[in-house]
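The next block holds one structure in the form of structure tokens; read it before the comments.
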Amino acid sequence: MYESSYSLKNDRLYKYDSLQIERVGQLKYKISTIKNKSTKKNNFIFNIELKPFEDNLIYVDYEPLMHSEEIEIMQLINSDLKTDGLSGNYIIKSFATNSNSKGISINRKLIETKKVNVVLNFNNE
């Protein structure tokens with residue numbers, strides 16, 4: 001379960017050419033757009049902190065991005081973990097972004113994890 005705060009003033013999608021990732025601490029990453037010739041600032045910067053977990057639950061859900069871009073961010077994180085020689089499963093402990101130009105600010109912090117038993121029954125008719 002995550003504790004979240006949102007400030008969505010503008011629902012336009014972000015536009016960028018590519019992303020870059022920078023490790024800023026033990027399991028802490030800064031992900032930002034790579035500047036292109038037409039812009040002077042990054043569109044956004046994500047600060048993500050991971051923690052070891054029993055399953056791999058690195059999942060980015062950020063409304064102003066398309067799903068393919070969220071997957072690109074998750075792949076960047078997983079690639080960087082492998083580059084750093086870190087194996088195992090992780091969960092996002094905290095996720096924050098702030099874009100003054102777009103008026104969007106999101107902060108999420110993991111406060112609790114619970115196991116939930118789920119039973120799926122399929123009827124083969």
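Residue numbers start at 1 in each chain; chains themselves are named A, B, ... in the order of the structure tokens; ligands are numbered from 1 in the order shown.
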*Spatial neighbours of Ile48 in chain A, 6 Å, only C-alpha atoms, chain gap at least 4 places, as a PyMOL selection string*: chain A and resi 28-29+94-95
Please produce a file of the residues just selected, as a PDB file, in the first residue's frame, where the atoms kept are N, CA and C atoms.
```pdb
ATOM      1  N   LYS A  28      18.980   4.108  -5.168  1.00  0.00           N
ATOM      2  CA  LYS A  28      18.295   5.370  -5.455  1.00  0.00           C
ATOM      3  C   LYS A  28      18.696   5.845  -6.840  1.00  0.00           C
ATOM      4  N   TYR A  29      17.707   6.252  -7.631  1.00  0.00           N
ATOM      5  CA  TYR A  29      17.953   6.633  -9.012  1.00  0.00           C
ATOM      6  C   TYR A  29      17.256   7.939  -9.362  1.00  0.00           C
ATOM      7  N   SER A  94       9.951   4.462  -2.851  1.00  0.00           N
ATOM      8  CA  SER A  94       9.406   5.811  -3.006  1.00  0.00           C
ATOM      9  C   SER A  94       9.594   6.262  -4.449  1.00  0.00           C
ATOM     10  N   PHE A  95       8.688   7.140  -4.870  1.00  0.00           N
ATOM     11  CA  PHE A  95       8.649   7.637  -6.233  1.00  0.00           C
ATOM     12  C   PHE A  95       8.199   9.085  -6.150  1.00  0.00           C
TER      13      PHE A  95
END
```
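Using only C-alpha atoms, the smallest distance between any of A:Leu19, A:Ile106, A:Ile77, A:Leu120 and Glu63 in chain A comes from A:Ile106.
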_I want to know what sits within 12 Å of Arg23 in chain A, based on only C-alpha atoms, with residues of the same chain fewer than 6 positions away left out; could you give that as a ChimeraX atom specification?_
/A:29-32,46-50,76-77,79-81,83-84
*Grab the CA of Arg108 in chain A to CA of Lys93 in chain A distance for me, in Å with one decimal place.*
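Separation between CA of Arg108 in chain A and CA of Lys93 in chain A: 8.2 Å.
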*Contacts of range 59-61 of chain A within 10 Å, only C-alpha atoms, excl. fewer than 3 positions in-chain, as a list in words*: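 Residues near the query, excluding close chain neighbours: Ile48, Asn56, Pro64, Leu65, Met66, His67, Glu69, Glu70, Ile71, Glu72, Ile73, Met74, Gln75, Tyr90, Ile91, Ile92 and Phe95 of chain A.
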Could you please take those selected residues and save N, CA, C and O atoms as an mmCIF file, in the first residue's frame?
```cif
data_model
loop_
_atom_site.group_PDB
_atom_site.id
_atom_site.type_symbol
_atom_site.label_atom_id
_atom_site.label_comp_id
_atom_site.auth_asym_id
_atom_site.auth_seq_id
_atom_site.Cartn_x
_atom_site.Cartn_y
_atom_site.Cartn_z
ATOM 1 N N ILE A 48 13.530 7.829 -7.758
ATOM 2 C CA ILE A 48 12.985 6.520 -7.403
ATOM 3 C C ILE A 48 13.941 5.832 -6.448
ATOM 4 O O ILE A 48 15.149 5.795 -6.682
ATOM 5 N N ASN A 56 9.458 -9.310 -7.936
ATOM 6 C CA ASN A 56 9.890 -8.129 -8.672
ATOM 7 C C ASN A 56 8.681 -7.244 -8.932
ATOM 8 O O ASN A 56 7.850 -7.537 -9.782
ATOM 9 N N PRO A 64 0.852 11.147 -16.851
ATOM 10 C CA PRO A 64 1.212 11.922 -18.048
ATOM 11 C C PRO A 64 2.068 11.165 -19.071
ATOM 12 O O PRO A 64 2.330 11.687 -20.140
ATOM 13 N N LEU A 65 2.504 9.950 -18.756
ATOM 14 C CA LEU A 65 3.299 9.172 -19.698
ATOM 15 C C LEU A 65 2.439 8.106 -20.359
ATOM 16 O O LEU A 65 1.489 7.601 -19.769
ATOM 17 N N MET A 66 2.811 7.752 -21.589
ATOM 18 C CA MET A 66 2.174 6.619 -22.245
ATOM 19 C C MET A 66 2.723 5.346 -21.607
ATOM 20 O O MET A 66 3.809 5.351 -21.017
ATOM 21 N N HIS A 67 1.976 4.253 -21.712
ATOM 22 C CA HIS A 67 2.395 2.994 -21.095
ATOM 23 C C HIS A 67 3.765 2.545 -21.609
ATOM 24 O O HIS A 67 4.597 2.062 -20.844
ATOM 25 N N GLU A 69 6.216 4.369 -22.434
ATOM 26 C CA GLU A 69 7.250 5.170 -21.774
ATOM 27 C C GLU A 69 7.467 4.717 -20.333
ATOM 28 O O GLU A 69 8.594 4.710 -19.842
ATOM 29 N N GLU A 70 6.392 4.301 -19.662
ATOM 30 C CA GLU A 70 6.532 3.734 -18.312
ATOM 31 C C GLU A 70 7.373 2.464 -18.358
ATOM 32 O O GLU A 70 8.250 2.252 -17.515
ATOM 33 N N ILE A 71 7.135 1.642 -19.374
ATOM 34 C CA ILE A 71 7.924 0.412 -19.546
ATOM 35 C C ILE A 71 9.386 0.761 -19.816
ATOM 36 O O ILE A 71 10.293 0.113 -19.294
ATOM 37 N N GLU A 72 9.631 1.792 -20.608
ATOM 38 C CA GLU A 72 11.006 2.225 -20.891
ATOM 39 C C GLU A 72 11.732 2.601 -19.592
ATOM 40 O O GLU A 72 12.903 2.261 -19.397
ATOM 41 N N ILE A 73 11.045 3.288 -18.677
ATOM 42 C CA ILE A 73 11.643 3.660 -17.394
ATOM 43 C C ILE A 73 11.949 2.415 -16.564
ATOM 44 O O ILE A 73 13.036 2.283 -15.996
ATOM 45 N N MET A 74 11.017 1.462 -16.520
ATOM 46 C CA MET A 74 11.254 0.227 -15.775
ATOM 47 C C MET A 74 12.444 -0.549 -16.346
ATOM 48 O O MET A 74 13.263 -1.092 -15.607
ATOM 49 N N GLN A 75 12.551 -0.584 -17.673
ATOM 50 C CA GLN A 75 13.679 -1.269 -18.309
ATOM 51 C C GLN A 75 15.001 -0.573 -17.994
ATOM 52 O O GLN A 75 16.018 -1.231 -17.794
ATOM 53 N N TYR A 90 12.961 -6.462 -6.481
ATOM 54 C CA TYR A 90 12.842 -5.173 -5.816
ATOM 55 C C TYR A 90 11.421 -4.640 -5.938
ATOM 56 O O TYR A 90 10.660 -5.037 -6.821
ATOM 57 N N ILE A 91 11.105 -3.715 -5.058
ATOM 58 C CA ILE A 91 9.848 -2.991 -5.091
ATOM 59 C C ILE A 91 10.191 -1.508 -4.983
ATOM 60 O O ILE A 91 11.226 -1.158 -4.411
ATOM 61 N N ILE A 92 9.347 -0.661 -5.545
ATOM 62 C CA ILE A 92 9.592 0.774 -5.429
ATOM 63 C C ILE A 92 9.208 1.224 -4.028
ATOM 64 O O ILE A 92 8.060 1.095 -3.619
ATOM 65 N N PHE A 95 8.688 7.140 -4.870
ATOM 66 C CA PHE A 95 8.649 7.637 -6.233
ATOM 67 C C PHE A 95 8.199 9.085 -6.150
ATOM 68 O O PHE A 95 7.164 9.384 -5.554
#
```
*May I have all residues of range 19-119 of chain A that DSSP, computed from the backbone, assigns to alpha helix (DSSP H), given as a ChimeraX atom specification?*
/A:67-83
Using the selection just defined, write its residues with C-alpha atoms as an mmCIF file, in the first residue's frame.
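See part_26.cif below for the written result:
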```cif
data_model
loop_
_atom_site.group_PDB
_atom_site.id
_atom_site.type_symbol
_atom_site.label_atom_id
_atom_site.label_comp_id
_atom_site.auth_asym_id
_atom_site.auth_seq_id
_atom_site.Cartn_x
_atom_site.Cartn_y
_atom_site.Cartn_z
ATOM 1 C CA HIS A 67 2.395 2.994 -21.095
ATOM 2 C CA SER A 68 5.319 2.341 -23.463
ATOM 3 C CA GLU A 69 7.250 5.170 -21.774
ATOM 4 C CA GLU A 70 6.532 3.734 -18.312
ATOM 5 C CA ILE A 71 7.924 0.412 -19.546
ATOM 6 C CA GLU A 72 11.006 2.225 -20.891
ATOM 7 C CA ILE A 73 11.643 3.660 -17.394
ATOM 8 C CA MET A 74 11.254 0.227 -15.775
ATOM 9 C CA GLN A 75 13.679 -1.269 -18.309
ATOM 10 C CA LEU A 76 16.195 1.509 -17.583
ATOM 11 C CA ILE A 77 16.050 0.726 -13.865
ATOM 12 C CA ASN A 78 16.413 -3.036 -14.414
ATOM 13 C CA SER A 79 19.299 -2.490 -16.823
ATOM 14 C CA ASP A 80 21.093 -0.229 -14.342
ATOM 15 C CA LEU A 81 20.604 -2.773 -11.547
ATOM 16 C CA LYS A 82 22.261 -5.423 -13.738
ATOM 17 C CA THR A 83 25.092 -3.027 -14.647
#
```
*Distance CA of Gln20 in chain A-CA of Ile58 in chain A, one decimal place?*
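Spanning CA of Gln20 in chain A to CA of Ile58 in chain A is a straight-line distance of 17.4 Å.
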_strand (DSSP E) per DSSP on the backbone: members of range 16-111 of chain A, as number ranges by chain_ = A: 19-25, 28-33, 45-52, 90-99, 104-110
File dump, residues just selected, N, CA, C and O atoms, as a short mmCIF file (atom, residue, chain, number, x, y, z; two decimals), in the first residue's frame:
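Heads up, here's the output in selection21.cif:
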```cif
data_model
loop_
_atom_site.label_atom_id
_atom_site.label_comp_id
_atom_site.auth_asym_id
_atom_site.auth_seq_id
_atom_site.Cartn_x
_atom_site.Cartn_y
_atom_site.Cartn_z
N LEU A 19 15.64 9.09 -22.45
CA LEU A 19 15.80 9.20 -21.01
C LEU A 19 17.22 8.87 -20.60
O LEU A 19 17.93 8.14 -21.30
N GLN A 20 17.63 9.38 -19.45
CA GLN A 20 18.91 8.97 -18.88
C GLN A 20 18.68 8.63 -17.42
O GLN A 20 17.77 9.14 -16.79
N ILE A 21 19.50 7.72 -16.91
CA ILE A 21 19.38 7.29 -15.53
C ILE A 21 20.70 7.56 -14.82
O ILE A 21 21.77 7.41 -15.41
N GLU A 22 20.61 7.97 -13.58
CA GLU A 22 21.80 8.26 -12.77
C GLU A 22 21.57 7.68 -11.38
O GLU A 22 20.54 7.93 -10.76
N ARG A 23 22.52 6.87 -10.92
CA ARG A 23 22.43 6.34 -9.56
C ARG A 23 22.89 7.44 -8.61
O ARG A 23 23.97 7.99 -8.76
N VAL A 24 22.05 7.76 -7.62
CA VAL A 24 22.37 8.85 -6.69
C VAL A 24 22.53 8.34 -5.26
O VAL A 24 22.66 9.13 -4.34
N GLY A 25 22.54 7.03 -5.09
CA GLY A 25 22.72 6.43 -3.78
C GLY A 25 22.41 4.95 -3.86
O GLY A 25 22.12 4.42 -4.93
N LYS A 28 18.98 4.11 -5.17
CA LYS A 28 18.30 5.37 -5.45
C LYS A 28 18.70 5.85 -6.84
O LYS A 28 19.88 5.86 -7.17
N TYR A 29 17.71 6.25 -7.63
CA TYR A 29 17.95 6.63 -9.01
C TYR A 29 17.26 7.94 -9.36
O TYR A 29 16.17 8.22 -8.86
N LYS A 30 17.90 8.68 -10.22
CA LYS A 30 17.31 9.90 -10.79
C LYS A 30 17.17 9.63 -12.29
O LYS A 30 18.15 9.33 -12.97
N ILE A 31 15.96 9.73 -12.78
CA ILE A 31 15.69 9.50 -14.20
C ILE A 31 15.17 10.80 -14.78
O ILE A 31 14.24 11.40 -14.25
N SER A 32 15.79 11.24 -15.85
CA SER A 32 15.39 12.52 -16.45
C SER A 32 15.41 12.42 -17.96
O SER A 32 16.01 11.52 -18.54
N THR A 33 14.74 13.39 -18.59
CA THR A 33 14.78 13.46 -20.04
C THR A 33 16.14 13.97 -20.47
O THR A 33 16.79 14.72 -19.75
N ILE A 45 11.83 15.08 -14.00
CA ILE A 45 12.85 14.29 -13.31
C ILE A 45 12.13 13.40 -12.31
O ILE A 45 11.30 13.88 -11.54
N PHE A 46 12.40 12.09 -12.38
CA PHE A 46 11.87 11.14 -11.41
C PHE A 46 12.96 10.82 -10.40
O PHE A 46 14.11 10.62 -10.77
N ASN A 47 12.60 10.74 -9.14
CA ASN A 47 13.48 10.22 -8.11
C ASN A 47 12.83 8.94 -7.60
O ASN A 47 11.69 8.98 -7.11
N ILE A 48 13.53 7.83 -7.76
CA ILE A 48 12.98 6.52 -7.40
C ILE A 48 13.94 5.83 -6.45
O ILE A 48 15.15 5.79 -6.68
N GLU A 49 13.38 5.28 -5.36
CA GLU A 49 14.17 4.49 -4.42
C GLU A 49 13.57 3.10 -4.36
O GLU A 49 12.35 2.93 -4.27
N LEU A 50 14.43 2.09 -4.44
CA LEU A 50 14.01 0.70 -4.41
C LEU A 50 14.35 0.06 -3.07
O LEU A 50 15.19 0.58 -2.33
N LYS A 51 13.72 -1.08 -2.79
CA LYS A 51 14.13 -1.89 -1.67
C LYS A 51 13.97 -3.35 -2.07
O LYS A 51 13.09 -3.68 -2.88
N PRO A 52 14.82 -4.24 -1.53
CA PRO A 52 14.68 -5.66 -1.85
C PRO A 52 13.29 -6.16 -1.45
O PRO A 52 12.73 -5.73 -0.45
N TYR A 90 12.96 -6.46 -6.48
CA TYR A 90 12.84 -5.17 -5.82
C TYR A 90 11.42 -4.64 -5.94
O TYR A 90 10.66 -5.04 -6.82
N ILE A 91 11.10 -3.71 -5.06
CA ILE A 91 9.85 -2.99 -5.09
C ILE A 91 10.19 -1.51 -4.98
O ILE A 91 11.23 -1.16 -4.41
N ILE A 92 9.35 -0.66 -5.54
CA ILE A 92 9.59 0.77 -5.43
C ILE A 92 9.21 1.22 -4.03
O ILE A 92 8.06 1.09 -3.62
N LYS A 93 10.20 1.72 -3.29
CA LYS A 93 9.99 2.21 -1.93
C LYS A 93 9.42 3.63 -1.95
O LYS A 93 8.55 3.98 -1.17
N SER A 94 9.95 4.46 -2.85
CA SER A 94 9.41 5.81 -3.01
C SER A 94 9.59 6.26 -4.45
O SER A 94 10.51 5.84 -5.14
N PHE A 95 8.69 7.14 -4.87
CA PHE A 95 8.65 7.64 -6.23
C PHE A 95 8.20 9.09 -6.15
O PHE A 95 7.16 9.38 -5.55
N ALA A 96 8.98 9.98 -6.70
CA ALA A 96 8.61 11.40 -6.66
C ALA A 96 8.98 12.05 -7.98
O ALA A 96 10.00 11.72 -8.59
N THR A 97 8.14 12.96 -8.41
CA THR A 97 8.44 13.75 -9.59
C THR A 97 7.83 15.13 -9.40
O THR A 97 6.85 15.29 -8.69
N ASN A 98 8.46 16.08 -10.03
CA ASN A 98 7.96 17.44 -9.95
C ASN A 98 8.29 18.12 -11.27
O ASN A 98 9.42 18.07 -11.72
N SER A 99 7.30 18.70 -11.87
CA SER A 99 7.51 19.44 -13.11
C SER A 99 6.82 20.79 -12.98
O SER A 99 5.61 20.89 -13.14
N ILE A 104 2.80 19.56 -12.45
CA ILE A 104 2.53 18.22 -11.96
C ILE A 104 3.52 17.86 -10.86
O ILE A 104 4.72 18.03 -11.03
N SER A 105 3.00 17.37 -9.76
CA SER A 105 3.84 16.92 -8.67
C SER A 105 3.23 15.66 -8.09
O SER A 105 2.05 15.64 -7.76
N ILE A 106 4.02 14.59 -8.02
CA ILE A 106 3.53 13.32 -7.47
C ILE A 106 4.57 12.78 -6.51
O ILE A 106 5.77 12.75 -6.82
N ASN A 107 4.12 12.33 -5.35
CA ASN A 107 4.97 11.67 -4.37
C ASN A 107 4.26 10.43 -3.89
O ASN A 107 3.10 10.49 -3.49
N ARG A 108 4.96 9.29 -3.95
CA ARG A 108 4.42 8.03 -3.44
C ARG A 108 5.46 7.40 -2.52
O ARG A 108 6.64 7.39 -2.84
N LYS A 109 4.98 6.87 -1.43
CA LYS A 109 5.87 6.23 -0.47
C LYS A 109 5.24 4.93 -0.01
O LYS A 109 4.07 4.91 0.39
N LEU A 110 6.00 3.85 -0.08
CA LEU A 110 5.52 2.55 0.36
C LEU A 110 5.38 2.56 1.87
O LEU A 110 6.33 2.87 2.59
#
```
*Å distance separating CA of Tyr62 in chain A from CA of Lys114 in chain A, one decimal place*: 22.7 Å
